[in-house]
Every structure is written in structure tokens, then in C-alpha cells.
Amino acid sequence: MKILNRFTLTFLAFSMLSSLSAQEATPIATGQVLDKIVAKVDNYILLESDIQKTYLEALAQGQQGVTPPTRCEVFETLMVNKLMVAKAEIDSVMVTDAEVMLQTDQRFNMVMQQFGGNEETLAEIYGKTADQLKSEIEEVIREQLIVQRMRGKITEGISVSPAEVREFFNSIPTDSLPFFSAEVTVGQLVKKPEVNPQIKEDIFEKLRQFKQDILDGKADFADLARAYSEDPGSAAQGGDLGFFRSGELAPEFEATAMELKQGEISEPVETAFGIHLIQLLERRTGSYNTRHILMIPKASEDDLLKAERYLDSLKTEIQAGKIEFAKAAKENSDDRATSDNGGFFVDPANNSKRLTLRTLEDPVLYFTLDSMEVGTVTKPIRFEDPREGTKVRILFYQSKYPAHRANLEDDYEKMKAATLRKKEDDLLSRWFITAKEDVFIDIDPTYDRCNALESR
């Protein structure tokens, strides 16, 4: 028995679509087939290449102890997605062009960043122009948003009780329980060094000069961004950030940008990320597009030593039991991503503080933890933040969980999430029975064996 049934694959498809990148856009090198339409749902088509790509990605992202999906299950998942899109059109469940374009621009900029903004390199590797790739991404994003909205509408208000979690767990044969890798709970308390004020003032003056040179026609904003901006995500695109909604960028950045007229350039403004020179490119309803030149003030050796002394004093208080690590991190850490969780790293997939070492995606953390004992706090350690330069942190190795077969005591939150998905899947199964009667469905004979239209 598998913990996840075929409708849970719909959620897997969301994950794959939402992480679209240049790597995922790579043409499939193995098992390539002559593309053809294998299913139609009203005006929406499913291609053989869609199934092949999703199938291979599902195998690559598989977890130990969880049986990978079959090609039929992938086919059914993608067809259900098409059904949701078709039904959304009938039920007037819509997404706006602004929503689609916002995410498309962000995803496209991520892809272009991997090529250093070089459209010729992209065209050489993928055999398509930047405009063609962007159009493909837009199509994927639109379907993803519609499917997410439909799924949310269908499953709205569903919750599970502790009794339901226990019942679900007990329904799984012991030999079918997933095997979880070793996990850890680890927190960090980060200090961003206070930079010498003169270093900041020098940057402000340099950016003011950039603005004057642009206004005098002596320099081009995009050229200066490519040459001097320290934002790795936008420098190659001439500083272009793409469209963002209100609240998605630093408050100081947004407030400055919103005061500009189209094409106008701001005075330098400081945020937590550094000092920016901003130009408003376009404003749409609910979103705006800017470009910027970011320069990051660099901490001196004295600045870093002050930060280390500050963290060393906090470490002493934590070890003496005068303050709990979580309280110290919440009140003192300069890393907002972890401070709200009491300094602890959280797995974004299930919001759990228990992580596999692979989830941390940081080789420095991995090797640091490997030399630590559970319950200890490190001395202050310097590390590089790709956006904000050198920082200092202390790490707290709270606990370690050995690799094990799933059980309710250690894995309740994971089982709760699986129970909720199962409950949603059951509801989607019932929805499928009636929804398929509202649309035209045609399946290629090569997939008749999957019996995709059978009542669930």
C-alpha cells in the first residue's frame, strides 16, 4: 500500500512546476520520443513530452521508502490538471494576467541569471529565443496558478483531527511505512556587523555621482548596473528586477519606488540588503517593475570583531542558562528567515524544525554539525551571505534523530500532513467523478490501458 495515491501526484506536479529553472528546461536526453497529443480535455491538450518530462523528474525527486509513480499515474495526474483548468473556465475560477506576468518575470529572470543574462548562450543551448522560453514559462505558470486555485476551492476548509491521524497511520502496513533519513534540529543566531559610517557615506556619494552621470547623458543606467551592481540576481539584466507586488520588496525600497514617476531615478536609499539607486520602469495595477544598482557596504575587521564579541557574550549567557537560545535568537538575531522561529531552520516542505542534513543545503553547516555534540553552541563563526556580505553567527545543535521507520511519536507532523493530503485526495476523487461529465475528454489509444476515466 502506498501512502500517497494518484491525486497526491497533482501536488507533486505543482512542486515541479513551481521550481521551473533552466536546468528543468533542459531537453530530455534519454528516452526522447516523437511528440504527439495523447489527451484532450475540451480545448486543452496533453503531450507525450509532458508525461516523459514529469515522469523522469518524479523519479529524480523520489524519496526513500516511497514507491515512485508509474507512467499511468503521471498521465492521470497531468490529465486531472487539464481537467481542473477546463473546469475552472466553466466555473469562472480565474487568475489575472498581472499575477501570471509577475511570476513569469521572476522565474524568467532566475533562468536568465544562470546564463549571465546572455540570450545568445540560451538560444545556443536550448534552440529557442528568450521570448520563446518566456512564453513557455508563462503557459506553465498560468496552468499552475489555475490548478492551485481550483484545488484550493475544492478542498477549502478541510482539516484533520488527532484521531484521524492515528487511524490513517494504523491503516498503513508496517512494511509499507516510509523510512526517514537521519534528521537534526539546529538553530542559528546571526549578527550583521555594524559598518563604519564613512564606508556607507562613500557609497552614497558614488551612487549620487552615478545618477548625475546618467542625467547628464554620460552613462547608461543598465551599463552601470552590469558593471557595479552587487545584486547577483539582476546585475546581468542591467539591474532589471521584473515585476513585484506590494509588500514583496524591502519597505524602504518600495516606498522610494512608489514615489517615482516612470523613468525617474531616485536618490540613493538604504535597506537591509545595502544601498540602492532605483529607477521605476513601469507601474501596473497591483505591481511595479524597477531596476536598481545595489552596492553593499563591507564590514571592516574591527566591525567583525565587535560582532564576534557580542555573540560570544550571548553564548556565555545561553550556556549559563540565563537565557534560552530561542529567546536570544528571537530578540537578537539579524536573520529574519530564522529569528521568527526562535533561530531554528525550518523545512519549507512541511514547516518542521526537523531537517535532514541535505535540506540545509549548506556544506559549511553540514561539516560544522558533524564535529559538534548535541546540546552545544559553537563559538562565533564568520560566514558569507551572498547578498549582504560577511556576517557572524553561533549555531545551536539542539537534537538529532537517527534514521528510522515512520512512527507517530517522532513523526506526528509528517503523518498529519499525509493524512490531510489523503483526505483532500478522497474529496478530489469524488469531485473527479462529476467534473469529468462536464467536459469533452479524448484519450489516445496508447493510454487506454491506464483506465484514467474509471470512477475513483
# chains A, B, ... in the order shown; residues from 1 in each chain; ligands from 1
call {"tool": "residues_around", "arguments": {"residues": "Asn351 in chain A", "least_positions_apart": "4", "cutoff": "10 Å", "atoms": "only C-alpha atoms", "output": "JSON, numbers by chain"}}
result
{"A": [345, 346, 347, 355, 413, 414]}
call {"tool": "residues_around", "arguments": {"residues": "range 271-286 of chain A", "least_positions_apart": "3", "cutoff": "10 Å", "atoms": "only C-alpha atoms", "output": "PyMOL selection string"}}
result
chain A and resi 98-99+102+192+200+203-204+207-208+210-211+221+225+229-231+239-246+249-254+256-268+289-298+334+387-389
call {"tool": "residues_around", "arguments": {"residues": "Glu143 in chain A", "least_positions_apart": "3", "cutoff": "12 Å", "atoms": "only C-alpha atoms", "output": "VMD selection string"}}
result
chain A and resid 13 to 14 17 to 18 44 to 45 78 80 to 86 88 to 89 93 to 96 99 to 100 104 136 to 140 146 to 150
call {"tool": "atom_distance", "arguments": {"atom1": "CA of Asp91 in chain A", "atom2": "CA of Glu73 in chain A"}}
result
26.0 Å
call {"tool": "residues_around", "arguments": {"residues": "Pro380 in chain A", "least_positions_apart": "3", "cutoff": "10 Å", "atoms": "only C-alpha atoms", "output": "list of chain:residue names"}}
result
A:Leu189, A:Val190, A:Lys191, A:Leu305, A:Ala307, A:Glu308, A:Arg309, A:Tyr310, A:Leu311, A:Asp312, A:Ser313, A:Leu314, A:Lys315, A:Val377, A:Phe383, A:Lys391, A:Val392, A:Arg393, A:Ile394, A:Leu395
call {"tool": "write_last_selection", "arguments": {"atoms": "C-alpha atoms", "output": "PDB file, in the first residue's frame"}}
result
ATOM      1  CA  LEU A 189      21.807  33.429  15.906  1.00  0.00           C
ATOM      2  CA  VAL A 190      23.180  35.839  13.324  1.00  0.00           C
ATOM      3  CA  LYS A 191      24.813  39.207  13.798  1.00  0.00           C
ATOM      4  CA  LEU A 305      35.460  41.629  15.818  1.00  0.00           C
ATOM      5  CA  ALA A 307      30.094  41.384  16.227  1.00  0.00           C
ATOM      6  CA  GLU A 308      32.055  38.346  17.413  1.00  0.00           C
ATOM      7  CA  ARG A 309      32.445  39.773  20.914  1.00  0.00           C
ATOM      8  CA  TYR A 310      28.705  40.498  21.049  1.00  0.00           C
ATOM      9  CA  LEU A 311      27.807  36.914  20.071  1.00  0.00           C
ATOM     10  CA  ASP A 312      30.391  35.462  22.424  1.00  0.00           C
ATOM     11  CA  SER A 313      28.716  37.227  25.344  1.00  0.00           C
ATOM     12  CA  LEU A 314      25.321  35.855  24.259  1.00  0.00           C
ATOM     13  CA  LYS A 315      26.787  32.358  24.008  1.00  0.00           C
ATOM     14  CA  VAL A 377      26.642  26.023  20.964  1.00  0.00           C
ATOM     15  CA  PHE A 383      30.175  33.200   7.005  1.00  0.00           C
ATOM     16  CA  LYS A 391      28.225  38.051   8.867  1.00  0.00           C
ATOM     17  CA  VAL A 392      28.849  36.233  12.139  1.00  0.00           C
ATOM     18  CA  ARG A 393      26.723  33.535  13.794  1.00  0.00           C
ATOM     19  CA  ILE A 394      26.588  30.982  16.561  1.00  0.00           C
ATOM     20  CA  LEU A 395      24.950  27.602  15.960  1.00  0.00           C
TER      21      LEU A 395
END
call {"tool": "residues_around", "arguments": {"residues": "Asp448 in chain A", "least_positions_apart": "3", "cutoff": "12 Å", "atoms": "only C-alpha atoms", "output": "list in words"}}
result
Val38, Ala39, Cys72, Phe75, Glu76, Asp442, Ile443, Asp444, Pro445, Asn451, Ala452, Leu453 and Glu454 of chain A
call {"tool": "closest_residue", "arguments": {"among": "A:Val269, A:Ala403, A:Thr434, A:Thr419", "to": "Ser161 in chain A", "atoms": "only C-alpha atoms"}}
result
A:Thr419
call {"tool": "closest_residue", "arguments": {"among": "A:Gln114, A:Gln212, A:Asn332, A:Thr390", "to": "Glu301 in chain A", "atoms": "only C-alpha atoms"}}
result
A:Thr390
call {"tool": "select_by_dssp", "arguments": {"residues": "range 59-156 of chain A", "states": "alpha helix (DSSP H)", "output": "VMD selection string"}}
result
chain A and resid 59 to 60 71 to 91 97 to 113 119 to 126 130 to 154
call {"tool": "closest_residue", "arguments": {"among": "A:Met110, A:Ala418, A:Ala435, A:Asp35", "to": "Val160 in chain A", "atoms": "only C-alpha atoms"}}
result
A:Ala418
call {"tool": "residues_around", "arguments": {"residues": "Phe168 in chain A", "least_positions_apart": "5", "cutoff": "12 Å", "atoms": "only C-alpha atoms", "output": "PyMOL selection string"}}
result
chain A and resi 2-4+160-163+173+177+407-408+412+414-423
call {"tool": "write_last_selection", "arguments": {"atoms": "N, CA and C atoms", "output": "mmCIF file, in the first residue's frame"}}
result
data_model
loop_
_atom_site.group_PDB
_atom_site.id
_atom_site.type_symbol
_atom_site.label_atom_id
_atom_site.label_comp_id
_atom_site.auth_asym_id
_atom_site.auth_seq_id
_atom_site.Cartn_x
_atom_site.Cartn_y
_atom_site.Cartn_z
ATOM 1 N N LYS A 2 0.532 2.223 -0.806
ATOM 2 C CA LYS A 2 1.300 3.458 -0.884
ATOM 3 C C LYS A 2 0.620 4.528 -0.043
ATOM 4 N N ILE A 3 1.440 5.342 0.623
ATOM 5 C CA ILE A 3 0.875 6.417 1.442
ATOM 6 C C ILE A 3 0.172 7.442 0.565
ATOM 7 N N LEU A 4 0.735 7.738 -0.603
ATOM 8 C CA LEU A 4 0.163 8.772 -1.457
ATOM 9 C C LEU A 4 -0.494 8.122 -2.664
ATOM 10 N N VAL A 160 -7.883 17.916 9.781
ATOM 11 C CA VAL A 160 -7.868 16.554 10.322
ATOM 12 C C VAL A 160 -7.687 16.611 11.834
ATOM 13 N N SER A 161 -8.260 15.634 12.519
ATOM 14 C CA SER A 161 -8.164 15.539 13.977
ATOM 15 C C SER A 161 -7.063 14.552 14.351
ATOM 16 N N PRO A 162 -6.586 14.571 15.601
ATOM 17 C CA PRO A 162 -5.604 13.577 16.043
ATOM 18 C C PRO A 162 -6.096 12.140 15.852
ATOM 19 N N ALA A 163 -7.402 11.916 16.050
ATOM 20 C CA ALA A 163 -7.944 10.568 15.869
ATOM 21 C C ALA A 163 -7.831 10.130 14.417
ATOM 22 N N PRO A 173 0.255 -0.743 6.381
ATOM 23 C CA PRO A 173 1.008 -1.934 6.793
ATOM 24 C C PRO A 173 2.415 -1.551 7.231
ATOM 25 N N LEU A 177 5.436 1.450 5.678
ATOM 26 C CA LEU A 177 5.738 2.742 6.292
ATOM 27 C C LEU A 177 7.018 3.320 5.694
ATOM 28 N N ASN A 407 7.000 6.571 12.693
ATOM 29 C CA ASN A 407 6.165 6.249 13.852
ATOM 30 C C ASN A 407 5.456 7.521 14.306
ATOM 31 N N LEU A 408 4.364 7.362 15.031
ATOM 32 C CA LEU A 408 3.553 8.520 15.412
ATOM 33 C C LEU A 408 4.249 9.413 16.426
ATOM 34 N N TYR A 412 4.716 12.747 14.048
ATOM 35 C CA TYR A 412 3.297 13.119 14.037
ATOM 36 C C TYR A 412 2.992 14.186 12.995
ATOM 37 N N LYS A 414 4.510 14.939 10.207
ATOM 38 C CA LYS A 414 4.567 14.394 8.855
ATOM 39 C C LYS A 414 3.325 13.553 8.572
ATOM 40 N N MET A 415 2.918 12.741 9.560
ATOM 41 C CA MET A 415 1.734 11.912 9.374
ATOM 42 C C MET A 415 0.461 12.760 9.287
ATOM 43 N N LYS A 416 0.437 13.859 10.032
ATOM 44 C CA LYS A 416 -0.712 14.761 9.953
ATOM 45 C C LYS A 416 -0.827 15.356 8.553
ATOM 46 N N ALA A 417 0.328 15.776 7.993
ATOM 47 C CA ALA A 417 0.319 16.329 6.637
ATOM 48 C C ALA A 417 -0.124 15.282 5.624
ATOM 49 N N ALA A 418 0.346 14.026 5.785
ATOM 50 C CA ALA A 418 -0.049 12.953 4.869
ATOM 51 C C ALA A 418 -1.539 12.634 5.007
ATOM 52 N N THR A 419 -2.051 12.665 6.234
ATOM 53 C CA THR A 419 -3.482 12.416 6.462
ATOM 54 C C THR A 419 -4.327 13.482 5.792
ATOM 55 N N LEU A 420 -3.890 14.728 5.917
ATOM 56 C CA LEU A 420 -4.625 15.822 5.284
ATOM 57 C C LEU A 420 -4.626 15.662 3.772
ATOM 58 N N ARG A 421 -3.478 15.304 3.199
ATOM 59 C CA ARG A 421 -3.422 15.102 1.744
ATOM 60 C C ARG A 421 -4.345 13.966 1.321
ATOM 61 N N LYS A 422 -4.363 12.880 2.119
ATOM 62 C CA LYS A 422 -5.242 11.756 1.798
ATOM 63 C C LYS A 422 -6.704 12.191 1.826
ATOM 64 N N LYS A 423 -7.068 12.994 2.798
ATOM 65 C CA LYS A 423 -8.442 13.464 2.902
ATOM 66 C C LYS A 423 -8.795 14.368 1.718
#
